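Asks: Would you mind keeping the following structure in view while I ask a few things?
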Amino acid sequence: MPSEFSITRQVEFAETDMAGIVHFSNFFRWMEACETALYRSLGLPLVSFVPGQVVGWPRVNVSCSYRAPLRFNDTVEVKLFVKKLNTRSVTYLFQFRKGGEIVATGEVTAVCVTSDAQGGMTAQPIPAEVRAQLQEAPESAYADKSSPTK
């Protein structure tokens, strides 16, 4: 049961802004790419269009804090930690690392939903086959040791 997962990618020129720094919106794309890769590695569907089954994981809260810039051709590790696993939602914490240094952190909370008869979304418990393959990471796994203690 994984509590953490990571992908590595190289920054593309198209992901940078006029200052040559990765545009902030790409961090959110990379968080979703990492989540998708996690589910793929577990053999689980991230989205299902079968009526009455899970249709997705809409985001109810997202954030990202930036510490240092990433630039074209930088190699970045996107590390996902399962921070909180509730009955109907999961919160992921992400660390973006360049050369081992944390350059940004993000967080995503997603709710497990199914479609209702009117085509709307209804929160539902996370399916057992998904829950069985995820576990919360201990806080010590993602605690930032480079930040001063509070």
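Naming works like this for the structure tokens: A, B, ... for the chains as they're shown, residue 1 at the start of each chain, ligands 1 onward in shown order.
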Give me, as a count of residues only, the residues of region 79-150 of chain A that a backbone DSSP run labels strand (DSSP E or B).
Replies: 34
Asks: Write out as a list in words each polymer residue whose atoms come within 7 Å of Ser65 (chain A), counting only C-alpha atoms; drop sequence neighbours fewer than 3 positions from it.
Replies: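 Skipping anything fewer than 3 positions along the chain leaves Ala104, Thr105 and Gly106 of chain A.
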Asks: For the residues selected in the previous step, produce a file with N, CA, C and O atoms as an mmCIF file, in the first residue's frame.
Replies:
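Result saved to part.cif:
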data_model
loop_
_atom_site.group_PDB
_atom_site.id
_atom_site.type_symbol
_atom_site.label_atom_id
_atom_site.label_comp_id
_atom_site.auth_asym_id
_atom_site.auth_seq_id
_atom_site.Cartn_x
_atom_site.Cartn_y
_atom_site.Cartn_z
ATOM 1 N N ALA A 104 9.109 23.899 -4.211
ATOM 2 C CA ALA A 104 7.692 24.251 -4.064
ATOM 3 C C ALA A 104 6.980 23.109 -3.354
ATOM 4 O O ALA A 104 7.448 21.963 -3.373
ATOM 5 N N THR A 105 5.868 23.441 -2.718
ATOM 6 C CA THR A 105 5.012 22.429 -2.107
ATOM 7 C C THR A 105 3.573 22.720 -2.513
ATOM 8 O O THR A 105 3.189 23.879 -2.695
ATOM 9 N N GLY A 106 2.807 21.671 -2.676
ATOM 10 C CA GLY A 106 1.406 21.832 -3.047
ATOM 11 C C GLY A 106 0.529 20.867 -2.285
ATOM 12 O O GLY A 106 1.024 19.916 -1.659
#
Asks: Just to confirm, what's the straight-line distance from CA of Ile21 (chain A) to CA of Arg67 (chain A) in Å (one decimal)?
Replies: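 CA of Ile21 (chain A) sits 12.4 Å away from CA of Arg67 (chain A).
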Asks: For region 32-45 of chain A, please output as an mmCIF file with all heavy atoms, in the first residue's frame all residues within 7 Å (counting only C-alpha atoms; exclusion window: fewer than 5 positions along the same chain).
Replies:
data_model
loop_
_atom_site.group_PDB
_atom_site.id
_atom_site.type_symbol
_atom_site.label_atom_id
_atom_site.label_comp_id
_atom_site.auth_asym_id
_atom_site.auth_seq_id
_atom_site.Cartn_x
_atom_site.Cartn_y
_atom_site.Cartn_z
ATOM 1 N N PHE A 5 4.627 8.459 -3.734
ATOM 2 C CA PHE A 5 4.891 8.111 -5.129
ATOM 3 C C PHE A 5 5.596 9.298 -5.755
ATOM 4 O O PHE A 5 5.412 10.428 -5.301
ATOM 5 C CB PHE A 5 3.552 7.847 -5.845
ATOM 6 C CG PHE A 5 3.693 7.418 -7.267
ATOM 7 C CD1 PHE A 5 3.984 6.098 -7.589
ATOM 8 C CD2 PHE A 5 3.517 8.327 -8.295
ATOM 9 C CE1 PHE A 5 4.112 5.698 -8.915
ATOM 10 C CE2 PHE A 5 3.650 7.943 -9.621
ATOM 11 C CZ PHE A 5 3.934 6.616 -9.925
ATOM 12 N N SER A 6 6.401 9.070 -6.789
ATOM 13 C CA SER A 6 7.040 10.216 -7.434
ATOM 14 C C SER A 6 7.228 9.987 -8.927
ATOM 15 O O SER A 6 7.266 8.844 -9.387
ATOM 16 C CB SER A 6 8.385 10.535 -6.779
ATOM 17 O OG SER A 6 9.310 9.498 -7.014
ATOM 18 N N ILE A 7 7.315 11.101 -9.637
ATOM 19 C CA ILE A 7 7.670 11.099 -11.050
ATOM 20 C C ILE A 7 8.783 12.127 -11.228
ATOM 21 O O ILE A 7 8.937 13.039 -10.410
ATOM 22 C CB ILE A 7 6.474 11.440 -11.972
ATOM 23 C CG1 ILE A 7 5.908 12.847 -11.675
ATOM 24 C CG2 ILE A 7 5.394 10.376 -11.883
ATOM 25 C CD1 ILE A 7 4.842 13.328 -12.656
ATOM 26 N N VAL A 78 8.638 15.286 -8.767
ATOM 27 C CA VAL A 78 7.338 15.611 -8.174
ATOM 28 C C VAL A 78 6.991 14.442 -7.269
ATOM 29 O O VAL A 78 6.803 13.314 -7.723
ATOM 30 C CB VAL A 78 6.248 15.802 -9.252
ATOM 31 C CG1 VAL A 78 4.927 16.188 -8.598
ATOM 32 C CG2 VAL A 78 6.676 16.830 -10.289
ATOM 33 N N LEU A 80 4.551 12.794 -4.390
ATOM 34 C CA LEU A 80 3.200 12.798 -3.831
ATOM 35 C C LEU A 80 3.202 12.004 -2.534
ATOM 36 O O LEU A 80 3.769 10.912 -2.472
ATOM 37 C CB LEU A 80 2.250 12.151 -4.843
ATOM 38 C CG LEU A 80 0.808 11.864 -4.456
ATOM 39 C CD1 LEU A 80 -0.064 11.810 -5.717
ATOM 40 C CD2 LEU A 80 0.626 10.579 -3.682
#
Asks: Write out as a ChimeraX atom specification each polymer residue whose atoms come within 12 Å of region 112-116 of chain A, counting only C-alpha atoms; drop sequence neighbours fewer than 5 positions from it.
Replies: /A:46-60,85-91,121-128,130-131
Asks: Keeping only C-alpha atoms, take the residues you just selected and write them out as a compact mmCIF listing (two decimals), in the first residue's frame.
Replies:
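Everything below was put into part.txt:
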# COMPACT_ATOMS: atom_id res chain seq x y z
CA LEU A 46 -8.76 7.51 -12.08
CA VAL A 47 -12.00 8.27 -13.92
CA SER A 48 -14.83 5.94 -14.86
CA PHE A 49 -17.80 6.76 -17.04
CA VAL A 50 -19.79 3.64 -16.11
CA PRO A 51 -23.19 4.74 -14.68
CA GLY A 52 -23.47 4.16 -10.95
CA GLN A 53 -19.72 3.82 -10.50
CA VAL A 54 -17.08 6.38 -9.59
CA VAL A 55 -16.93 9.10 -12.23
CA GLY A 56 -14.14 11.11 -10.77
CA TRP A 57 -12.31 13.06 -8.14
CA PRO A 58 -13.20 16.75 -8.36
CA ARG A 59 -10.91 19.07 -6.46
CA VAL A 60 -12.37 20.94 -3.52
CA LEU A 85 -7.49 9.52 3.68
CA ASN A 86 -11.07 10.20 4.75
CA THR A 87 -14.26 8.26 3.99
CA ARG A 88 -15.07 10.29 0.84
CA SER A 89 -11.94 12.35 0.18
CA VAL A 90 -8.20 12.17 -0.08
CA THR A 91 -5.64 14.92 0.49
CA MET A 121 -22.17 14.71 -8.81
CA THR A 122 -22.82 13.00 -5.50
CA ALA A 123 -20.05 12.32 -2.99
CA GLN A 124 -19.62 8.65 -2.20
CA PRO A 125 -17.29 6.56 -0.06
CA ILE A 126 -13.93 5.82 -1.64
CA PRO A 127 -14.24 2.35 -3.23
CA ALA A 128 -12.72 -0.50 -1.24
CA VAL A 130 -8.91 2.13 -4.02
CA ARG A 131 -8.80 2.40 -0.23
Asks: Among chain A, which residues does DSSP mark as helix (DSSP H, G or I) when it is run on the backbone? Keep the chain and numbering as in the structure and answer as JSON, numbers by chain.
Replies: {"A": [13, 14, 15, 25, 26, 27, 28, 29, 30, 31, 32, 33, 34, 35, 36, 37, 38, 39, 40, 41, 42, 128, 129, 130, 131, 139, 140, 141, 142]}
Asks: Please write the residues from the selection above to a file, keeping C-alpha atoms, as a PDB file, in the first residue's frame.
Replies:
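Output file again.pdb is given in full below:
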ATOM      1  CA  PHE A  13      10.429  25.576 -22.839  1.00  0.00           C
ATOM      2  CA  ALA A  14       6.654  25.959 -23.342  1.00  0.00           C
ATOM      3  CA  GLU A  15       6.178  25.628 -19.563  1.00  0.00           C
ATOM      4  CA  SER A  25      -0.028  26.924 -13.445  1.00  0.00           C
ATOM      5  CA  ASN A  26       2.284  24.099 -14.501  1.00  0.00           C
ATOM      6  CA  PHE A  27       2.793  23.022 -10.913  1.00  0.00           C
ATOM      7  CA  PHE A  28      -0.922  22.174 -10.775  1.00  0.00           C
ATOM      8  CA  ARG A  29      -0.639  20.194 -14.027  1.00  0.00           C
ATOM      9  CA  TRP A  30       2.331  18.302 -12.615  1.00  0.00           C
ATOM     10  CA  MET A  31       0.413  17.485  -9.434  1.00  0.00           C
ATOM     11  CA  GLU A  32      -2.350  15.935 -11.530  1.00  0.00           C
ATOM     12  CA  ALA A  33       0.187  14.113 -13.728  1.00  0.00           C
ATOM     13  CA  CYS A  34       1.749  12.589 -10.611  1.00  0.00           C
ATOM     14  CA  GLU A  35      -1.654  11.563  -9.225  1.00  0.00           C
ATOM     15  CA  THR A  36      -2.568   9.984 -12.590  1.00  0.00           C
ATOM     16  CA  ALA A  37       0.739   8.086 -12.679  1.00  0.00           C
ATOM     17  CA  LEU A  38       0.094   6.815  -9.135  1.00  0.00           C
ATOM     18  CA  TYR A  39      -3.314   5.411 -10.081  1.00  0.00           C
ATOM     19  CA  ARG A  40      -1.903   3.957 -13.306  1.00  0.00           C
ATOM     20  CA  SER A  41       0.881   2.229 -11.328  1.00  0.00           C
ATOM     21  CA  LEU A  42      -1.750   0.682  -9.060  1.00  0.00           C
ATOM     22  CA  ALA A 128     -12.719  -0.496  -1.240  1.00  0.00           C
ATOM     23  CA  GLU A 129     -10.329  -1.410  -4.083  1.00  0.00           C
ATOM     24  CA  VAL A 130      -8.910   2.132  -4.024  1.00  0.00           C
ATOM     25  CA  ARG A 131      -8.796   2.400  -0.235  1.00  0.00           C
ATOM     26  CA  GLU A 139       4.054  13.138   8.844  1.00  0.00           C
ATOM     27  CA  SER A 140       7.764  12.445   9.281  1.00  0.00           C
ATOM     28  CA  ALA A 141       7.902  11.297   5.623  1.00  0.00           C
ATOM     29  CA  TYR A 142       7.009  14.731   4.263  1.00  0.00           C
TER      30      TYR A 142
END
